[in-house]
file final27.cif (mmCIF, C-alpha atoms and all ligand atoms)
data_work
loop_
_atom_site.label_atom_id
_atom_site.label_comp_id
_atom_site.auth_asym_id
_atom_site.auth_seq_id
_atom_site.Cartn_x
_atom_site.Cartn_y
_atom_site.Cartn_z
CA MET A 1 167.07 144.02 88.25
CA THR A 2 169.35 141.14 89.12
CA GLN A 3 170.62 138.86 86.39
CA ALA A 4 168.77 135.90 87.93
CA LYS A 5 165.48 137.78 87.76
CA THR A 6 166.01 138.79 84.12
CA SER A 7 166.68 135.25 83.00
CA GLN A 8 163.63 134.03 84.97
CA LEU A 9 161.48 136.56 83.13
CA ARG A 10 162.96 135.53 79.79
CA ARG A 11 162.24 131.88 80.49
CA ARG A 12 158.65 132.74 81.31
CA GLU A 13 158.31 134.70 78.06
CA MET A 14 159.76 131.81 76.09
CA LEU A 15 157.32 129.42 77.72
CA GLN A 16 154.40 131.68 76.86
CA ILE A 17 155.48 131.89 73.22
CA LEU A 18 155.87 128.11 73.08
CA LEU A 19 152.38 127.67 74.51
CA VAL A 20 150.86 129.98 71.87
CA VAL A 21 152.65 128.09 69.09
CA VAL A 22 151.39 124.72 70.38
CA ILE A 23 147.80 126.02 70.61
CA MET A 24 148.01 127.39 67.05
CA LEU A 25 149.31 124.09 65.71
CA LEU A 26 146.51 122.20 67.46
CA LEU A 27 143.90 124.57 66.04
CA ILE A 28 145.23 124.16 62.49
CA LYS A 29 145.09 120.36 62.86
CA VAL A 30 141.53 120.39 64.23
CA GLU A 31 140.13 122.86 61.72
CA GLY A 32 141.19 120.99 58.61
CA LYS A 33 139.83 122.02 55.22
CA PRO A 34 137.41 120.73 52.61
CA PHE A 35 138.80 119.45 49.30
CA PRO A 36 138.41 121.86 46.39
CA ALA A 37 137.07 120.53 43.07
CA PRO A 38 139.95 118.68 41.39
CA ASN A 39 141.24 119.99 38.12
CA PHE A 40 141.37 117.07 35.66
CA GLN A 41 144.59 118.51 34.28
CA ASN A 42 146.23 117.56 37.57
CA CYS A 43 145.54 113.87 37.07
CA PHE A 44 148.56 111.57 36.86
CA SER A 45 147.68 107.95 36.37
CA SER A 46 150.02 105.00 36.35
CA GLU A 47 147.07 102.99 35.00
CA GLY A 48 146.47 105.36 32.09
CA CYS A 49 142.95 106.23 33.14
CA CYS A 50 142.78 109.99 33.48
CA PRO A 51 139.54 111.45 32.13
CA PRO A 52 140.07 114.08 29.43
CA ALA A 53 140.39 117.67 30.65
CA VAL A 54 137.98 119.02 28.06
CA THR A 55 138.25 122.59 29.24
CA THR A 56 141.13 124.55 30.63
CA GLY A 57 140.80 126.44 33.87
CA ASN A 58 138.36 125.71 36.65
CA PRO A 59 135.10 123.82 36.14
CA THR A 60 131.96 125.95 36.36
CA SER A 61 129.88 125.60 39.46
CA PHE A 62 126.85 123.34 39.01
CA LYS A 63 123.23 124.44 39.55
CA PHE A 64 120.35 121.97 39.56
CA PRO A 65 118.07 122.49 36.57
CA THR A 66 114.60 123.23 37.90
CA GLU A 67 112.59 122.36 34.81
CA LEU A 68 113.23 118.59 34.79
CA PRO A 69 110.50 116.11 35.74
CA MET A 70 110.86 114.13 39.00
CA ARG A 71 112.39 110.73 38.14
CA THR A 72 111.78 107.39 39.80
CA ARG A 73 114.36 104.64 39.76
CA PRO A 74 112.82 101.23 39.01
CA ALA A 75 113.96 97.89 40.48
CA ALA A 76 116.24 96.13 37.96
CA HIS A 77 114.44 92.78 38.24
CA LEU A 78 111.09 94.38 37.33
CA LEU A 79 111.96 96.26 34.13
CA ASP A 80 109.60 95.93 31.16
CA ASP A 81 110.67 95.55 27.52
CA ALA A 82 110.07 99.19 26.64
CA TYR A 83 112.34 100.35 29.47
CA ILE A 84 114.99 97.76 28.59
CA ALA A 85 115.03 98.95 24.97
CA LYS A 86 115.72 102.54 26.07
CA TYR A 87 118.30 101.41 28.60
CA GLN A 88 120.17 99.34 25.99
CA LYS A 89 120.02 102.18 23.47
CA ALA A 90 121.40 104.67 26.01
CA TYR A 91 124.52 102.54 26.62
CA GLU A 92 124.97 101.87 22.89
CA LEU A 93 125.03 105.62 22.30
CA MET A 94 127.30 106.24 25.28
CA ARG A 95 129.80 103.66 24.00
CA ALA A 96 129.76 105.23 20.55
CA LEU A 97 130.88 108.65 21.79
CA PRO A 98 134.47 109.58 20.85
CA ASP A 99 137.37 109.38 23.33
CA SER A 100 137.58 113.15 23.39
CA ASP A 101 134.09 113.29 24.97
CA GLY A 102 133.99 113.02 28.78
CA ARG A 103 130.52 111.45 28.54
CA SER A 104 131.72 108.32 26.70
CA HIS A 105 131.42 105.10 28.66
CA VAL A 106 135.20 104.68 28.72
CA ASN A 107 135.64 108.17 30.12
CA GLN A 108 132.89 107.65 32.68
CA ALA A 109 134.84 104.63 33.93
CA TYR A 110 138.00 106.77 33.91
CA VAL A 111 136.28 109.33 36.14
CA HIS A 112 135.73 106.59 38.71
CA CYS A 113 139.25 105.29 38.25
CA GLY A 114 140.75 108.77 38.58
CA TYR A 115 138.99 109.39 41.87
CA CYS A 116 139.87 106.12 43.46
CA ASP A 117 143.31 104.95 42.59
CA ASN A 118 145.23 107.96 43.87
CA GLN A 119 145.41 109.96 40.66
CA PHE A 120 144.17 113.48 41.44
CA TYR A 121 146.77 115.78 42.91
CA PHE A 122 146.41 119.25 44.38
CA PRO A 123 149.11 121.86 44.43
CA GLY A 124 150.60 121.98 47.92
CA SER A 125 149.17 118.69 49.15
CA LYS A 126 151.30 115.60 49.51
CA TYR A 127 148.54 113.02 49.12
CA PRO A 128 146.20 112.48 46.18
CA LEU A 129 142.42 112.33 46.53
CA GLU A 130 140.66 109.10 47.50
CA ILE A 131 136.89 108.75 47.58
CA HIS A 132 136.63 105.26 49.05
CA ASN A 133 136.86 104.21 52.68
CA ASN A 134 136.04 107.59 54.14
CA TRP A 135 133.09 110.00 54.47
CA LEU A 136 133.23 110.95 50.76
CA PHE A 137 132.10 107.51 49.58
CA LEU A 138 128.31 108.01 49.72
CA PRO A 139 128.05 111.58 48.37
CA TRP A 140 130.65 111.08 45.63
CA HIS A 141 128.89 108.00 44.21
CA ARG A 142 125.49 109.68 44.49
CA LEU A 143 126.69 112.60 42.40
CA PHE A 144 128.52 110.37 39.92
CA LEU A 145 125.24 108.48 39.37
CA TYR A 146 123.31 111.71 39.03
CA PHE A 147 125.49 112.96 36.16
CA HIS A 148 125.80 109.53 34.53
CA GLU A 149 122.02 109.20 34.58
CA ARG A 150 121.52 112.67 33.12
CA ILE A 151 123.98 111.85 30.31
CA LEU A 152 122.09 108.62 29.46
CA ALA A 153 118.78 110.54 29.54
CA LYS A 154 120.14 113.22 27.23
CA LEU A 155 121.52 110.66 24.77
CA ILE A 156 118.10 109.06 24.31
CA GLY A 157 116.26 112.38 24.53
CA ASP A 158 114.12 111.30 27.50
CA ASP A 159 114.24 113.45 30.62
CA THR A 160 112.17 110.95 32.56
CA PHE A 161 114.85 108.25 32.25
CA ALA A 162 116.22 107.02 35.60
CA LEU A 163 118.76 104.30 36.31
CA PRO A 164 117.43 101.04 37.79
CA PHE A 165 118.51 99.86 41.23
CA TRP A 166 119.63 96.33 41.98
CA ASN A 167 117.39 95.37 44.88
CA TRP A 168 119.84 92.93 46.55
CA ASP A 169 118.72 93.86 50.05
CA GLY A 170 115.12 92.82 49.76
CA LEU A 171 113.19 89.86 48.52
CA PRO A 172 114.87 86.67 47.27
CA GLU A 173 114.13 87.67 43.63
CA GLY A 174 116.38 90.71 44.08
CA MET A 175 119.27 88.70 45.51
CA VAL A 176 120.31 87.16 42.19
CA MET A 177 121.93 88.94 39.27
CA PRO A 178 119.07 90.72 37.47
CA ASN A 179 118.31 89.07 34.14
CA VAL A 180 118.78 92.33 32.27
CA TYR A 181 122.55 92.14 32.93
CA ALA A 182 122.88 88.38 32.70
CA GLU A 183 121.73 87.74 29.13
CA LYS A 184 124.01 88.39 26.18
CA SER A 185 121.09 88.20 23.85
CA LEU A 186 118.18 90.23 25.19
CA ASN A 187 115.12 92.05 23.96
CA ASN A 188 115.84 91.47 20.22
CA LYS A 189 119.50 92.43 20.59
CA THR A 190 122.07 89.70 20.07
CA ASN A 191 124.76 91.77 21.77
CA SER A 192 123.06 93.54 24.62
CA SER A 193 124.95 96.64 25.76
CA LEU A 194 124.07 95.72 29.36
CA TYR A 195 125.95 92.44 29.24
CA ASP A 196 129.57 92.09 30.36
CA PRO A 197 131.38 88.90 29.29
CA ASP A 198 133.73 89.11 32.24
CA ARG A 199 131.31 88.08 34.96
CA ASN A 200 132.11 85.57 37.68
CA LYS A 201 130.88 81.99 37.11
CA CYS A 202 129.70 81.90 40.73
CA ALA A 203 127.42 84.87 40.00
CA GLU A 204 125.42 83.16 37.27
CA ARG A 205 121.69 82.95 37.73
CA PRO A 206 120.02 81.52 39.78
CA ARG A 207 122.85 81.66 42.33
CA VAL A 208 122.13 83.88 45.30
CA VAL A 209 124.57 86.71 45.99
CA ASP A 210 126.90 86.03 48.89
CA PHE A 211 127.56 89.07 51.13
CA SER A 212 129.85 87.22 53.50
CA ASN A 213 132.29 85.12 51.52
CA PRO A 214 132.08 86.14 47.88
CA SER A 215 134.42 84.00 45.82
CA LEU A 216 135.54 83.82 42.22
CA VAL A 217 136.78 80.30 42.51
CA THR A 218 134.75 78.17 44.87
CA CYS A 219 131.07 78.85 44.54
CA SER A 220 129.23 78.61 47.82
CA ASN A 221 127.27 75.40 48.37
CA ALA A 222 124.92 76.93 50.94
CA THR A 223 121.22 76.42 50.27
CA ASP A 224 119.34 79.41 48.87
CA GLU A 225 117.31 79.64 52.08
CA PHE A 226 120.44 79.81 54.18
CA GLN A 227 122.01 82.43 51.89
CA HIS A 228 118.87 84.63 52.01
CA TRP A 229 118.86 84.39 55.79
CA GLU A 230 122.55 85.19 56.08
CA ASN A 231 122.34 88.12 53.64
CA THR A 232 119.38 89.59 55.52
CA HIS A 233 121.40 89.33 58.70
CA VAL A 234 124.34 91.20 57.10
CA ILE A 235 122.01 93.97 55.86
CA TYR A 236 120.42 94.32 59.29
CA THR A 237 123.81 94.61 60.95
CA GLN A 238 125.28 97.08 58.46
CA LEU A 239 122.19 99.26 58.18
CA VAL A 240 120.78 99.10 61.69
CA THR A 241 122.73 97.67 64.62
CA ALA A 242 126.25 98.69 63.53
CA ALA A 243 125.18 102.00 61.98
CA VAL A 244 123.77 103.94 64.89
CA THR A 245 125.72 107.17 64.39
CA PRO A 246 126.28 109.26 61.26
CA SER A 247 129.99 108.63 61.19
CA LEU A 248 129.66 104.87 61.68
CA PHE A 249 127.34 104.73 58.67
CA ILE A 250 128.79 107.47 56.45
CA GLY A 251 132.49 107.04 57.26
CA GLN A 252 135.33 108.76 59.04
CA PRO A 253 136.52 112.36 58.47
CA TYR A 254 138.84 112.99 55.56
CA ARG A 255 140.07 116.52 54.90
CA TYR A 256 142.35 118.34 52.50
CA GLY A 257 145.92 117.29 53.22
CA ASP A 258 144.93 113.97 54.86
CA TYR A 259 146.02 110.57 53.66
CA GLY A 260 142.79 108.99 52.38
CA GLY A 261 141.07 105.67 52.64
CA VAL A 262 141.30 104.85 56.31
CA GLY A 263 137.76 104.64 57.66
CA GLY A 264 134.79 103.62 55.56
CA GLY A 265 131.16 103.45 56.74
CA THR A 266 129.39 100.18 57.50
CA LEU A 267 127.59 99.75 54.18
CA GLU A 268 130.73 100.40 52.14
CA SER A 269 132.51 97.20 53.11
CA LYS A 270 129.44 94.95 53.22
CA PRO A 271 127.44 94.43 51.18
CA HIS A 272 128.85 97.08 48.80
CA GLY A 273 132.38 95.69 48.55
CA ALA A 274 131.25 92.08 48.67
CA VAL A 275 128.86 92.55 45.74
CA HIS A 276 131.69 94.02 43.64
CA ILE A 277 133.80 90.96 44.30
CA TRP A 278 130.94 88.58 43.65
CA VAL A 279 129.94 90.02 40.25
CA ASN A 280 133.05 90.10 38.11
CA VAL A 281 136.41 88.58 37.52
CA GLU A 282 138.07 91.78 36.30
CA ASP A 283 135.62 94.58 35.84
CA MET A 284 133.54 95.09 38.97
CA LEU A 285 136.39 93.71 41.06
CA LEU A 286 138.90 96.45 40.32
CA PHE A 287 138.38 100.13 41.10
CA LYS A 288 139.87 101.08 37.78
CA ASN A 289 137.48 98.99 35.70
CA SER A 290 134.34 98.73 37.74
CA ALA A 291 132.28 101.44 36.06
CA THR A 292 132.77 99.75 32.66
CA ASP A 293 130.04 97.28 33.66
CA PRO A 294 126.54 98.84 33.57
CA ILE A 295 125.62 96.78 36.63
CA PHE A 296 127.98 99.07 38.62
CA PHE A 297 125.42 101.88 38.38
CA ALA A 298 122.48 99.68 39.41
CA HIS A 299 124.53 98.37 42.32
CA HIS A 300 125.33 101.90 43.45
CA ALA A 301 121.75 103.05 42.92
CA ASN A 302 120.83 100.52 45.63
CA VAL A 303 123.60 101.70 47.95
CA ASP A 304 122.25 105.20 47.44
CA ARG A 305 118.68 104.09 48.12
CA LEU A 306 119.78 102.45 51.38
CA TRP A 307 121.42 105.72 52.46
CA THR A 308 117.99 107.37 52.17
CA ILE A 309 116.27 104.49 53.97
CA TRP A 310 118.82 104.61 56.79
CA LYS A 311 118.27 108.32 57.26
CA ARG A 312 114.53 108.55 56.73
CA ASP A 313 112.93 105.32 57.82
CA LEU A 314 114.87 103.86 60.71
CA GLU A 315 113.76 104.46 64.25
CA GLY A 316 115.73 106.29 66.89
CA GLY A 317 116.02 109.85 65.58
CA ILE A 318 119.82 109.73 65.62
CA ARG A 319 120.37 108.88 61.98
CA ALA A 320 121.14 112.02 60.04
CA ASP A 321 123.69 113.37 57.62
CA LEU A 322 126.93 114.81 58.93
CA THR A 323 127.06 118.55 59.58
CA ASP A 324 130.84 119.07 59.49
CA PRO A 325 131.57 121.98 57.10
CA ASP A 326 134.64 120.16 55.74
CA TRP A 327 132.32 117.38 54.55
CA LEU A 328 129.56 119.67 53.24
CA ASN A 329 131.96 122.00 51.41
CA THR A 330 134.12 119.38 49.73
CA GLN A 331 133.75 119.71 45.97
CA PHE A 332 134.03 117.26 43.10
CA THR A 333 134.36 117.67 39.36
CA PHE A 334 132.15 115.76 36.88
CA TYR A 335 131.07 115.96 33.24
CA ASP A 336 127.51 117.20 32.92
CA GLU A 337 125.08 115.95 30.27
CA ASP A 338 126.56 118.34 27.70
CA GLY A 339 130.11 117.15 28.37
CA ASN A 340 131.14 120.29 30.26
CA LEU A 341 133.12 120.06 33.48
CA VAL A 342 131.19 121.20 36.53
CA SER A 343 132.06 121.42 40.21
CA VAL A 344 129.53 120.24 42.75
CA SER A 345 129.62 120.04 46.55
CA VAL A 346 128.73 117.34 49.07
CA ALA A 347 126.00 119.70 50.34
CA GLN A 348 124.43 119.57 46.86
CA ALA A 349 124.33 115.76 47.06
CA LEU A 350 121.87 116.22 49.96
CA HIS A 351 119.60 118.44 47.89
CA PRO A 352 116.01 117.18 47.56
CA ASP A 353 115.95 118.14 43.87
CA LEU A 354 118.66 115.65 43.06
CA LEU A 355 116.29 113.34 41.20
CA ARG A 356 114.44 116.11 39.52
CU1 LIG A 401 133.62 103.49 43.70
CU2 LIG A 401 131.35 100.53 44.31
O1 LIG A 401 132.85 101.73 44.11
#
call {"tool": "encode", "arguments": {"input": "final27.cif", "output": "C-alpha cells"}}
result
Amino acid sequence: MTQAKTSQLRRREMLQILLVVVIMLLLIKVEGKPFPAPNFQNCFSSEGCCPPAVTTGNPTSFKFPTELPMRTRPAAHLLDDAYIAKYQKAYELMRALPDSDGRSHVNQAYVHCGYCDNQFYFPGSKYPLEIHNNWLFLPWHRLFLYFHERILAKLIGDDTFALPFWNWDGLPEGMVMPNVYAEKSLNNKTNSSLYDPDRNKCAERPRVVDFSNPSLVTCSNATDEFQHWENTHVIYTQLVTAAVTPSLFIGQPYRYGDYGGVGGGTLESKPHGAVHIWVNVEDMLLFKNSATDPIFFAHHANVDRLWTIWKRDLEGGIRADLTDPDWLNTQFTFYDEDGNLVSVSVAQALHPDLLR
C-alpha cells in the first residue's frame, strides 16, 4: 500500500471516530436526567434557611395512605366559624412546634426557601436546584401543599381537614383579600394565627387584587369594575389563549445538571407572581419568607386548582400533563405528617388519591 493511501485511510478512520464522539455527546445532552430527591444535609444557605436534616441517610420513599377520607378544599371567602376555629388552632400548634421539628411553621417556610433560593446541592452537579420558573413549579407546590395540609390535619386530629383556596380568579368577592387573613382579631381570638402584620397597604380590604401592576407604594386608582374586567382578561389569557400546549402552561424542561429558572409556565408569572407582590411588603414578596404567611398556602391551593381546571375542563383536547420521563421521575424531599423525611416523585403529584 502506498503511503498516500495509508494516510487517506487513517484520515477516514479519524473522521469516523470523531463522528461517533459527536453523536454520543448529542445523545447525552438530549437524554438528560431527572433530579434525585435532595438530601437536606446538602443544603447550604447564605440566608440561613436550611430545613433541619432530621434523619441521616436517604429519605424513605412515600406511599399514599389509602385509609384517609377524601378531602374537599373550601373557598377562603366562604369559611364558617367552626372551620376558622380549627384552621386557627392548626397554625397555633404548628407555630408552637420546636425548631428541631421539620413540621414547625418556621421549618415549613425553610423548606420553600431551601428549594427556591439555590440552596440544595447535589454531588457532581455544578448548579443547585431551583423549583421556580421551570416545569417543576406546579408539581413541587402541589406536593408541598399536600404535606403541609396533612401536618395541619394531624396536629388538630382531623383527617378531613383541607386547606382553603383563595378564589381570586372567579367572582368579585374572591378578588379581595379574604377576611380570614385580613383581621388581626378574629373569631374570638385577639391575635389570629392567620393574620400577618406585614401586609401591603394597597392590599387592604376592599381593594381588588391587581394582576397587572401590583404595587406596594402607589395603590391603583382604577375602579373596581375595571379591575375585575382586567383581572378576568389576564386569567383568560394565562389559562386559555396563551396556554395551549403542556409546556406553555406547565413550563420549560429542567433536568439534572441544568441551570434552573429559565422558563416558567403562563400561570406562574401572572397571576401567581403578581399576587405574591400584591399581598405583602416582606413576607409573600420574597421567596425566602413567603411560606411564613398562611395566605401563601391558600394562594397556591388556587394555583393548583387552576392546573386541574386547565387540564380537565378546557376545550380542545390538547391540554394534558407532560409525559417526559425526566419530569415524571424527578423526586423531591418533604417532611410528612409525623416529621419524617420522605421522597416523592412528580408522577405521584398526578395521582388521583392526592386529596385522599
Ligand atoms: Cu414557591 Cu408562590 O411560590
call {"tool": "closest_residue", "arguments": {"input": "final27.cif", "among": "A:Ser269, A:Thr333, A:Asn107, A:Asn231", "to": "ligand LIG 401 (chain A)", "atoms": "all atoms listed in the file"}}
result
A:Ser269
call {"tool": "residues_near_ligand", "arguments": {"input": "final27.cif", "ligand": "ligand LIG 401 (chain A)", "cutoff": "7 Å", "atoms": "all atoms listed in the file", "output": "number ranges by chain"}}
result
A: 112, 116, 132, 141, 272-273, 276, 287, 296, 300
call {"tool": "closest_residue", "arguments": {"input": "final27.cif", "among": "A:Ala75, A:Leu286, A:Leu145, A:Leu136", "to": "Asp326 (chain A)", "atoms": "all atoms listed in the file"}}
result
A:Leu136
call {"tool": "closest_residue", "arguments": {"input": "final27.cif", "among": "A:Val176, A:Tyr335, A:Gly48, A:Phe40", "to": "Glu149 (chain A)", "atoms": "all atoms listed in the file"}}
result
A:Tyr335
call {"tool": "closest_residue", "arguments": {"input": "final27.cif", "among": "A:Thr330, A:Gln88, A:Asn42, A:Ala153", "to": "Asn191 (chain A)", "atoms": "only C-alpha atoms"}}
result
A:Gln88
call {"tool": "residues_around", "arguments": {"input": "final27.cif", "residues": "Met177 (chain A)", "least_positions_apart": "2", "cutoff": "9 Å", "atoms": "all atoms listed in the file", "output": "list in words"}}
result
His77, Trp166, Trp168, Gly174, Met175, Asn179, Val180, Tyr181, Ala182, Ala203, Glu204, Arg205, Pro206, Arg207, Val208, Val209 and Val279 of chain A
call {"tool": "closest_residue", "arguments": {"input": "final27.cif", "among": "A:Ala291, A:Ala349, A:Ile250, A:Ala301", "to": "Asp196 (chain A)", "atoms": "all atoms listed in the file"}}
result
A:Ala291
call {"tool": "residues_near_point", "arguments": {"input": "final27.cif", "point": "(125.8, 119.4, 50.8)", "cutoff": "9 Å", "atoms": "only C-alpha atoms", "output": "list in words"}}
result
Pro139, Thr323, Pro325, Trp327, Leu328, Asn329, Thr330, Val344, Ser345, Val346, Ala347, Gln348, Ala349, Leu350 and His351 of chain A
call {"tool": "residues_around", "arguments": {"input": "final27.cif", "residues": "Asn39 (chain A)", "least_positions_apart": "4", "cutoff": "8 Å", "atoms": "all atoms listed in the file", "output": "compact mmCIF listing (two decimals) with C-alpha atoms, in the coordinates of the input"}}
result
# COMPACT_ATOMS: atom_id res chain seq x y z
CA CYS A 43 145.54 113.87 37.07
CA ALA A 53 140.39 117.67 30.65
CA GLY A 57 140.80 126.44 33.87
CA ASN A 58 138.36 125.71 36.65
CA PRO A 59 135.10 123.82 36.14
CA PHE A 120 144.17 113.48 41.44
CA THR A 333 134.36 117.67 39.36
call {"tool": "atom_distance", "arguments": {"input": "final27.cif", "atom1": "CA of Arg255 (chain A)", "atom2": "CA of Tyr127 (chain A)"}}
result
10.8 Å
call {"tool": "closest_residue", "arguments": {"input": "final27.cif", "among": "A:Asp101, A:Glu315, A:Glu268, A:Glu13", "to": "Phe249 (chain A)", "atoms": "only C-alpha atoms"}}
result
A:Glu268
call {"tool": "atom_distance", "arguments": {"input": "final27.cif", "atom1": "CA of Asn188 (chain A)", "atom2": "CA of Val281 (chain A)"}}
result
27.0 Å
call {"tool": "atom_distance", "arguments": {"input": "final27.cif", "atom1": "CA of Phe35 (chain A)", "atom2": "CA of Lys270 (chain A)"}}
result
26.5 Å
call {"tool": "residues_near_point", "arguments": {"input": "final27.cif", "point": "(126.5, 108.5, 24.6)", "cutoff": "8 Å", "atoms": "only C-alpha atoms", "output": "list in words"}}
result
Ala90, Tyr91, Glu92, Leu93, Met94, Arg95, Ala96, Leu97, Arg103, Ser104, His105, Ile151, Leu152 and Leu155 of chain A
